[in-house]
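Peer 1: Got a structure for you, questions after.
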Amino acid sequence: MRIIKNIAIIIISLVATYILVSLFLPSKIKIERSGIINSSSELVFEQINTLKNWKSWSYWDNIDKNMQSTYSGPESGIGAKHCWESSNDSVGKGCLTISEIKPNEL
């Protein structure tokens, strides 16, 4: 009986710790990556600013060639949106929207 009581205390402690830690975690996260590309900033900017171009070099498109993609908004720039859905767990589903640009810079 004492072992069951100890196991119950451990489980309750773990659940309480999980809940307490989750209260301090942010509700949103921001992911940024950087790298060096040996090309002109104009060419790189055009590739990134036009979401349909991503299909030719995106890592995720190479994982699932049957991924369903939809585009909305302008062809490029602020408001351009790409949504995708894949049965591959590594790709999943989601949407990406360009919210800010600085030509040839950001």
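So you can find residues: chains in the structure tokens are A, B, ... in the order shown, residues in each start at 1, and ligands are numbered from 1 in order.
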With only C-alpha atoms as the counted atoms, please give the residues lying no more than 8 Å from region 50-53 of chain A, apart from itself and same-chain residues fewer than 2 positions off, as a list of chain:residue names.

Peer 2: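 Here the qualifying residues turn out to be A:Glu46, A:Gln47, A:Ile48, A:Lys55, A:Ser56, A:Trp57, A:Tyr71, A:Glu75, A:Ser76, A:Gly77, A:Ala80, A:Lys81, A:His82.
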
Peer 1: Per residue of region 9-75 of chain A within 12 Å of region 91-99 of chain A, what are the shortest atom pair and its distance in Å to one decimal, counting only C-alpha atoms, with rows by chain and residue number, as a Markdown table?

Peer 2:
| residue | atom | partner | partner_atom | distance |
| --- | --- | --- | --- | --- |
| A:Ile48 | CA | A:Ile98 | CA | 9.6 |
| A:Asn49 | CA | A:Ile98 | CA | 7.8 |
| A:Thr50 | CA | A:Ile98 | CA | 9.4 |
| A:Leu51 | CA | A:Ile98 | CA | 8.7 |
| A:Lys52 | CA | A:Leu96 | CA | 11.7 |
| A:Trp54 | CA | A:Leu96 | CA | 11.6 |
| A:Ser58 | CA | A:Val91 | CA | 11.4 |
| A:Tyr59 | CA | A:Val91 | CA | 9.6 |
| A:Trp60 | CA | A:Val91 | CA | 6.2 |
| A:Asp61 | CA | A:Val91 | CA | 8.4 |
| A:Asn62 | CA | A:Val91 | CA | 10.0 |
| A:Ile63 | CA | A:Val91 | CA | 7.4 |
| A:Asp64 | CA | A:Val91 | CA | 7.4 |
| A:Lys65 | CA | A:Val91 | CA | 10.8 |
| A:Asn66 | CA | A:Val91 | CA | 11.0 |
| A:Met67 | CA | A:Val91 | CA | 8.3 |
| A:Gln68 | CA | A:Lys93 | CA | 9.1 |
| A:Ser69 | CA | A:Cys95 | CA | 9.5 |
| A:Thr70 | CA | A:Cys95 | CA | 9.2 |
| A:Tyr71 | CA | A:Cys95 | CA | 9.5 |
| A:Ser72 | CA | A:Thr97 | CA | 9.3 |
| A:Gly73 | CA | A:Thr97 | CA | 9.2 |
| A:Pro74 | CA | A:Ile98 | CA | 10.0 |
| A:Glu75 | CA | A:Ile98 | CA | 10.8 |

Peer 1: Report, in Å to a single decimal, how far apart CA of Ile101 (chain A) and CA of Gly79 (chain A) are.

Peer 2: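 These two atoms are separated by 10.3 Å.
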
Peer 1: Using the chain letters and numbers from this document, which residues of chain A does DSSP assign to strand (DSSP E), as a count of residues only?

Peer 2: 15

Peer 1: DSSP on the backbone: what in chain A comes out alpha helix (DSSP H), as a ChimeraX atom specification?

Peer 2: /A:2-23,41-49,59-63

Peer 1: At what distance in Å, to one decimal, does CA of Trp84 (chain A) lie from CA of Asn38 (chain A)?

Peer 2: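 Going from CA of Asn38 (chain A) over to CA of Trp84 (chain A) covers 28.9 Å.
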
Peer 1: What does the distance from CA of Ile3 (chain A) to CA of Ser22 (chain A) come to in Å, to one decimal?

Peer 2: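 Interatomic distance, CA of Ile3 (chain A) to CA of Ser22 (chain A): 28.7 Å.
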